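Peer 1: Got a file for you: query_32.tsv, TSV, C-alpha atoms.
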```tsv
chain	number	residue	atom	x	y	z
O	658	PHE	CA	-42.69	1.52	-12.81
O	659	THR	CA	-40.16	-0.91	-14.32
O	660	THR	CA	-39.21	1.73	-16.90
O	661	LEU	CA	-38.68	4.22	-14.10
O	662	LEU	CA	-36.38	1.86	-12.20
O	663	TYR	CA	-34.28	1.23	-15.30
O	664	THR	CA	-34.09	4.99	-15.95
O	665	ILE	CA	-32.89	5.71	-12.41
O	666	LYS	CA	-30.41	2.81	-12.54
O	667	PHE	CA	-28.97	4.10	-15.83
O	668	GLU	CA	-28.61	7.64	-14.47
O	669	VAL	CA	-26.84	6.40	-11.32
O	670	MET	CA	-24.48	4.13	-13.28
O	671	SER	CA	-23.67	6.80	-15.87
O	672	PHE	CA	-23.19	9.57	-13.27
O	673	LYS	CA	-19.58	10.72	-12.93
O	674	LYS	CA	-18.27	12.36	-9.78
O	675	LEU	CA	-15.25	13.90	-11.51
O	676	MET	CA	-15.41	16.15	-14.54
O	677	ASN	CA	-13.19	15.51	-17.55
O	678	VAL	CA	-14.54	18.51	-19.49
O	679	TYR	CA	-14.81	21.74	-17.53
O	680	ASP	CA	-18.21	23.42	-17.34
O	681	PRO	CA	-18.50	26.48	-15.02
O	682	LEU	CA	-22.24	25.93	-14.50
O	683	LYS	CA	-21.75	22.28	-13.60
O	684	ALA	CA	-18.78	23.06	-11.35
O	685	GLY	CA	-20.85	25.63	-9.48
O	686	SER	CA	-23.53	23.08	-8.57
O	687	ILE	CA	-23.14	20.31	-5.99
O	688	ASP	CA	-24.91	17.84	-8.30
O	689	GLY	CA	-24.02	19.44	-11.63
O	690	THR	CA	-27.63	20.34	-12.51
O	691	ASP	CA	-27.54	24.16	-12.47
O	692	THR	CA	-28.73	25.85	-15.68
O	693	VAL	CA	-28.09	29.48	-14.69
O	694	PRO	CA	-25.10	30.98	-12.80
O	695	HIS	CA	-25.78	31.54	-9.10
O	696	ASP	CA	-22.88	33.93	-8.53
O	697	ARG	CA	-20.98	36.56	-10.49
O	698	ALA	CA	-17.81	34.47	-10.62
O	699	ILE	CA	-19.56	31.73	-12.61
O	700	ALA	CA	-20.93	34.33	-15.02
O	701	ARG	CA	-17.39	35.66	-15.42
O	702	ALA	CA	-16.05	32.16	-16.06
O	703	LEU	CA	-18.68	31.54	-18.75
O	704	SER	CA	-17.41	34.54	-20.72
O	705	ALA	CA	-13.69	33.97	-20.02
O	706	ASN	CA	-11.25	33.11	-22.78
O	707	TYR	CA	-8.41	31.29	-21.06
O	708	VAL	CA	-5.33	30.04	-22.91
O	709	PRO	CA	-2.92	28.02	-20.72
O	710	LYS	CA	0.82	28.53	-20.86
O	711	ASN	CA	2.80	25.91	-22.74
O	712	SER	CA	5.58	25.73	-20.17
O	713	VAL	CA	3.72	23.22	-17.98
O	714	LYS	CA	4.42	19.52	-18.67
O	715	SER	CA	0.82	18.46	-18.25
O	716	SER	CA	1.04	14.69	-17.92
O	717	ARG	CA	3.86	14.86	-15.36
O	718	THR	CA	2.77	17.92	-13.38
O	719	LEU	CA	0.77	17.95	-10.15
O	720	PHE	CA	-1.16	20.76	-8.55
O	721	VAL	CA	-0.68	21.01	-4.80
O	722	GLY	CA	-3.13	23.10	-2.79
O	723	ARG	CA	-3.80	24.01	0.85
O	724	LEU	CA	-0.15	24.66	1.55
O	725	SER	CA	0.92	26.19	4.81
O	726	PRO	CA	1.82	29.91	4.58
O	727	THR	CA	5.27	28.94	5.86
O	728	THR	CA	5.97	26.40	3.09
O	729	THR	CA	8.75	27.55	0.78
O	730	THR	CA	9.82	26.24	-2.61
O	731	GLU	CA	12.79	24.56	-0.90
O	732	SER	CA	10.70	22.68	1.70
O	733	PHE	CA	8.12	21.94	-1.02
O	734	LYS	CA	10.77	20.32	-3.22
O	735	LYS	CA	12.27	18.40	-0.30
O	736	PHE	CA	8.88	16.92	0.55
O	737	PHE	CA	8.16	15.60	-2.96
O	738	ARG	CA	11.70	14.48	-3.69
O	739	LYS	CA	10.95	11.23	-1.84
O	740	CYS	CA	8.51	10.31	-4.65
O	741	GLY	CA	10.99	10.56	-7.51
O	742	LYS	CA	13.23	12.81	-9.54
O	743	ILE	CA	11.86	16.34	-9.87
O	744	SER	CA	12.44	18.42	-12.98
O	745	ARG	CA	10.62	21.52	-11.79
O	746	CYS	CA	8.69	22.81	-8.76
O	747	ARG	CA	7.55	26.08	-7.26
O	748	VAL	CA	5.28	27.60	-4.65
O	749	VAL	CA	3.21	30.38	-6.22
O	750	GLN	CA	3.70	33.79	-4.60
O	751	ASP	CA	1.90	37.09	-4.75
O	752	PRO	CA	3.94	39.28	-7.15
O	753	VAL	CA	3.60	42.34	-4.90
O	754	THR	CA	3.80	41.06	-1.32
O	755	LEU	CA	5.79	37.90	-2.21
O	756	GLU	CA	3.59	36.00	0.25
O	757	SER	CA	2.63	32.43	-0.59
O	758	ARG	CA	-0.69	31.95	-2.31
O	759	ARG	CA	-0.73	28.54	-0.62
O	760	TYR	CA	-0.54	26.43	-3.75
O	761	GLY	CA	2.18	25.20	-6.06
O	762	PHE	CA	3.19	22.86	-8.88
O	763	VAL	CA	5.63	19.99	-9.07
O	764	THR	CA	6.78	18.25	-12.26
O	765	PHE	CA	8.45	14.84	-12.19
O	766	SER	CA	10.82	13.42	-14.76
O	767	ASP	CA	8.89	10.15	-14.91
O	768	ILE	CA	5.11	9.82	-15.27
O	769	LYS	CA	5.15	6.84	-12.89
O	770	ASP	CA	6.51	9.09	-10.12
O	771	THR	CA	3.74	11.59	-10.86
O	772	VAL	CA	1.05	8.95	-10.39
O	773	TYR	CA	2.76	7.63	-7.27
O	774	ALA	CA	3.02	11.10	-5.68
O	775	ARG	CA	-0.64	11.86	-6.44
O	776	ASP	CA	-1.80	8.66	-4.76
O	777	ARG	CA	0.57	8.74	-1.81
O	778	CYS	CA	0.78	12.42	-0.88
O	779	ASN	CA	-2.83	13.60	-1.08
O	780	GLY	CA	-3.92	14.53	2.45
O	781	SER	CA	-0.38	14.28	3.82
O	782	ASP	CA	0.95	16.75	6.35
O	783	LEU	CA	3.39	19.37	5.08
O	784	ASP	CA	4.47	22.03	7.55
O	785	GLY	CA	1.36	21.43	9.63
O	786	SER	CA	-1.15	21.53	6.77
O	787	ALA	CA	-3.02	18.63	5.12
O	788	ILE	CA	-2.30	19.20	1.43
O	789	LEU	CA	-4.43	18.50	-1.64
O	790	VAL	CA	-2.61	16.77	-4.51
O	791	ASP	CA	-4.12	16.31	-7.96
O	792	TYR	CA	-3.24	16.54	-11.63
O	793	GLU	CA	-2.65	19.99	-13.07
O	794	ASN	CA	-5.87	20.84	-14.91
O	795	SER	CA	-5.08	23.63	-17.36
O	796	HIS	CA	-3.57	21.15	-19.82
O	797	ASN	CA	-5.43	18.02	-18.76
O	798	MET	CA	-9.04	19.20	-18.68
O	799	LYS	CA	-10.75	20.51	-21.79
O	800	ASN	CA	-12.26	24.03	-21.49
O	801	TRP	CA	-10.50	24.61	-18.17
O	802	ILE	CA	-11.05	27.99	-16.46
O	803	PRO	CA	-8.84	28.85	-13.45
O	804	ARG	CA	-10.17	30.16	-10.15
O	805	ARG	CA	-8.95	33.71	-10.74
O	806	LEU	CA	-11.36	33.89	-13.69
O	807	GLY	CA	-14.30	32.47	-11.72
O	808	GLY	CA	-13.66	28.78	-12.41
O	809	GLY	CA	-11.47	26.23	-10.68
O	810	LEU	CA	-12.38	23.26	-8.52
O	811	GLY	CA	-12.68	22.78	-4.76
O	812	GLY	CA	-12.40	25.78	-2.47
O	813	ASP	CA	-13.80	26.36	1.01
O	814	ARG	CA	-17.00	27.87	2.37
O	815	THR	CA	-15.28	31.06	3.55
O	816	SER	CA	-14.18	31.92	0.01
O	817	GLY	CA	-17.76	31.97	-1.28
O	818	GLN	CA	-16.58	30.26	-4.45
O	819	LEU	CA	-17.14	26.53	-3.99
O	820	ARG	CA	-16.59	24.46	-7.10
O	821	PHE	CA	-17.47	20.78	-7.54
O	822	GLY	CA	-16.36	17.98	-9.82
O	823	GLY	CA	-12.77	17.61	-8.64
O	824	ARG	CA	-10.92	15.34	-6.24
O	825	ASP	CA	-11.44	17.75	-3.37
O	826	ARG	CA	-15.20	18.16	-3.84
O	827	PRO	CA	-16.64	15.53	-6.23
O	828	LEU	CA	-20.12	15.94	-7.67
O	829	LYS	CA	-22.98	14.24	-5.84
O	830	ALA	CA	-25.61	12.23	-7.69
O	831	PRO	CA	-28.83	14.23	-8.30
O	832	ILE	CA	-31.85	13.26	-6.21
O	833	VAL	CA	-34.34	11.54	-8.52
O	834	VAL	CA	-37.98	12.14	-7.58
O	835	ALA	CA	-39.96	9.19	-8.91
O	836	GLY	CA	-43.12	11.14	-9.72
O	837	GLU	CA	-41.19	13.70	-11.78
O	838	ARG	CA	-39.48	11.04	-13.85
O	839	ARG	CA	-42.63	9.24	-15.00
O	840	SER	CA	-43.67	9.86	-18.57
O	841	GLU	CA	-47.27	10.69	-19.58
O	842	SER	CA	-47.71	7.22	-21.09
O	843	ASP	CA	-46.51	5.62	-17.82
O	844	ARG	CA	-49.01	7.69	-15.85
O	845	ARG	CA	-51.88	6.73	-18.17
O	846	LYS	CA	-50.88	3.10	-17.98
O	847	GLY	CA	-50.75	3.21	-14.19
O	848	SER	CA	-54.16	4.88	-14.02
O	849	SER	CA	-55.65	2.24	-16.32
O	850	GLU	CA	-54.21	-0.59	-14.22
O	851	ARG	CA	-55.59	0.90	-11.02
O	852	ARG	CA	-59.03	1.22	-12.61
O	853	LYS	CA	-58.96	-2.43	-13.72
O	854	ARG	CA	-57.97	-3.55	-10.23
O	855	LYS	CA	-60.91	-1.64	-8.76
O	856	GLU	CA	-63.27	-3.22	-11.30
O	857	ARG	CA	-61.99	-6.73	-10.43
O	858	VAL	CA	-62.44	-6.05	-6.72
O	859	SER	CA	-65.95	-4.68	-7.36
O	860	TYR	CA	-66.82	-7.71	-9.52
O	861	ARG	CA	-65.60	-10.13	-6.83
O	862	SER	CA	-67.57	-8.24	-4.19
O	863	GLU	CA	-70.77	-8.42	-6.25
O	864	GLY	CA	-70.21	-12.13	-6.89
O	865	GLN	CA	-69.82	-12.77	-3.20
O	866	LYS	CA	-73.07	-10.90	-2.50
O	867	VAL	CA	-74.97	-12.98	-5.11
O	868	ARG	CA	-73.64	-16.27	-3.72
O	869	HIS	CA	-74.47	-15.18	-0.18
O	870	SER	CA	-78.02	-14.26	-1.30
O	871	ASP	CA	-78.44	-17.68	-2.97
O	872	LYS	CA	-77.34	-19.43	0.21
O	873	MET	CA	-79.81	-17.45	2.29
O	874	THR	CA	-82.66	-18.24	-0.16
O	875	ASN	CA	-81.82	-21.95	-0.22
O	876	GLY	CA	-81.69	-21.99	3.56
O	877	ASP	CA	-85.10	-20.38	3.84
O	878	GLN	CA	-86.57	-22.85	1.36
O	879	LEU	CA	-85.03	-25.76	3.28
O	880	SER	CA	-86.41	-24.56	6.62
O	881	GLY	CA	-89.92	-24.33	5.04
O	882	HIS	CA	-89.88	-28.06	4.24
O	883	LEU	CA	-88.94	-28.97	7.83
```
Could you quickly redo this structure as structure tokens?
Peer 2:
Amino acid sequence: FTTLLYTIKFEVMSFKKLMNVYDPLKAGSIDGTDTVPHDRAIARALSANYVPKNSVKSSRTLFVGRLSPTTTTESFKKFFRKCGKISRCRVVQDPVTLESRRYGFVTFSDIKDTVYARDRCNGSDLDGSAILVDYENSHNMKNWIPRRLGGGLGGDRTSGQLRFGGRDRPLKAPIVVAGERRSESDRRKGSSERRKRKERVSYRSEGQKVRHSDKMTNGDQLSGHL
């Protein structure tokens, strides 16, 4: 039992809510324990060969999601300008319809401004929408696969492509079932201890019966002399 407690404690302490190496299977599971893909997008991500563009300044670039459809590159830049000097920013648009895809990227001149904007602006209101702000992952996370190839992080239930392990939807610690975590040696040891306890109880019970019988015999002998 002590071994089990230490095992569970180690797993809880070593568990990480945020991924630093991208794994499509892990991202597709709420606790990161899936071993087979549960949707076609994950299977597609597993076979994808993604090479990020070199134009993004990874350490100083933020990804901004959940933008309002009305947010333009101009209003986007104006919003983040309060956090520091911006070297580049854009709201991503559909190449055919030119409608906003509701996410964008902003690159600051100073890494300190990048960190500040990430901490301060996440969840802030921009044009009536609570935005998601995090580091750009294609250059910061090893083995990254974008959402269009079945990967990504976050998402909503309506999209049918929820991904975990990011700031938006961190991984949850797996539920540890005590009985499943016990080794065979632990089970044998526990069975042996239970058997010994029963034997001690049985021995005490027999001893009590013998002493009680002796008392009754002595009492009968005493009453015979009276």
Peer 1: Work out how far apart CA of Cys746 in chain O and CA of Phe733 in chain O are and give it in Å to one decimal.
Peer 2: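 CA of Cys746 in chain O sits 7.8 Å away from CA of Phe733 in chain O.
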Peer 1: Taking 6 positions as the minimum chain separation for residues in the same chain, which residues sit within 8 Å of Gly741 in chain O when counting all atoms listed in the file? Answer as a PDB file with C-alpha atoms, keeping the file's coordinate frame.
Peer 2:
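Output saved as around.pdb:
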```
ATOM      1  CA  PHE O 765       8.450  14.840 -12.190  1.00  0.00           C
ATOM      2  CA  SER O 766      10.820  13.420 -14.760  1.00  0.00           C
ATOM      3  CA  ASP O 767       8.890  10.150 -14.910  1.00  0.00           C
ATOM      4  CA  ASP O 770       6.510   9.090 -10.120  1.00  0.00           C
TER       5      ASP O 770
END
```
Peer 1: Point out the residue among O:Pro681, O:Pro752, O:Gly812, O:Gly689 with the least atom-to-atom distance to Gly722 in chain O, counting only C-alpha atoms.
Peer 2: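 That would be O:Gly812, the residue with the smallest distance to Gly722 in chain O.
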Peer 1: Produce the centre coordinates and the three edge lengths, each in Å to one decimal, of the box along x, y and z that contains all listed atoms of range 736-749 of chain O with 4 Å added on each side, as JSON.
Peer 2:
```
{"center_x": 8.2, "center_y": 20.3, "center_z": -6.2, "size_x": 18.0, "size_y": 28.1, "size_z": 21.5}
```
Peer 1: Can you pull out every residue within 9 Å of Asp825 in chain O, counting all atoms listed in the file, but drop anything in the same chain fewer than 3 positions away, and send it as number ranges by chain?
Peer 2: O: 789-791, 810-812, 821-822
Peer 1: Show which residues sit within 10 Å of Gly780 in chain O, as a PyMOL selection string. Count only C-alpha atoms, and ignore same-chain residues fewer than 5 positions away.
Peer 2: chain O and resi 723+775+786-790
Peer 1: Work out how far apart CA of Leu703 in chain O and CA of Pro803 in chain O are and give it in Å to one decimal.
Peer 2: 11.5 Å
Peer 1: Skipping near chain neighbours, those fewer than 4 positions away, what residues fall within 7 Å of range 827-833 of chain O using only C-alpha atoms, listed as a compact mmCIF listing (two decimals) with C-alpha atoms, in the coordinates of the input?
Peer 2:
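Saved result, part-v4.txt, follows:
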```
# COMPACT_ATOMS: atom_id res chain seq x y z
CA VAL O 669 -26.84 6.40 -11.32
CA PHE O 672 -23.19 9.57 -13.27
CA LYS O 674 -18.27 12.36 -9.78
CA LEU O 675 -15.25 13.90 -11.51
CA ILE O 687 -23.14 20.31 -5.99
CA ASP O 688 -24.91 17.84 -8.30
CA GLY O 689 -24.02 19.44 -11.63
CA PHE O 821 -17.47 20.78 -7.54
CA GLY O 822 -16.36 17.98 -9.82
CA GLY O 823 -12.77 17.61 -8.64
```
Peer 1: How far is it from CA of Asn800 in chain O to CA of Tyr679 in chain O, in Å with one decimal?
Peer 2: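 Going from CA of Asn800 in chain O over to CA of Tyr679 in chain O covers 5.2 Å.
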Peer 1: List as an mmCIF file with C-alpha atoms, in the coordinates of the input the protein and nucleic acid residues near Lys739 in chain O, meaning an atom at most 10 Å away when all atoms listed in the file are counted, but skip any in the same chain fewer than 4 places from it.
Peer 2:
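Listing of selection.cif after writing:
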```
data_model
loop_
_atom_site.group_PDB
_atom_site.id
_atom_site.type_symbol
_atom_site.label_atom_id
_atom_site.label_comp_id
_atom_site.auth_asym_id
_atom_site.auth_seq_id
_atom_site.Cartn_x
_atom_site.Cartn_y
_atom_site.Cartn_z
ATOM 1 C CA LYS O 734 10.770 20.320 -3.220
ATOM 2 C CA LYS O 735 12.270 18.400 -0.300
ATOM 3 C CA ILE O 743 11.860 16.340 -9.870
ATOM 4 C CA ASP O 770 6.510 9.090 -10.120
ATOM 5 C CA ALA O 774 3.020 11.100 -5.680
#
```
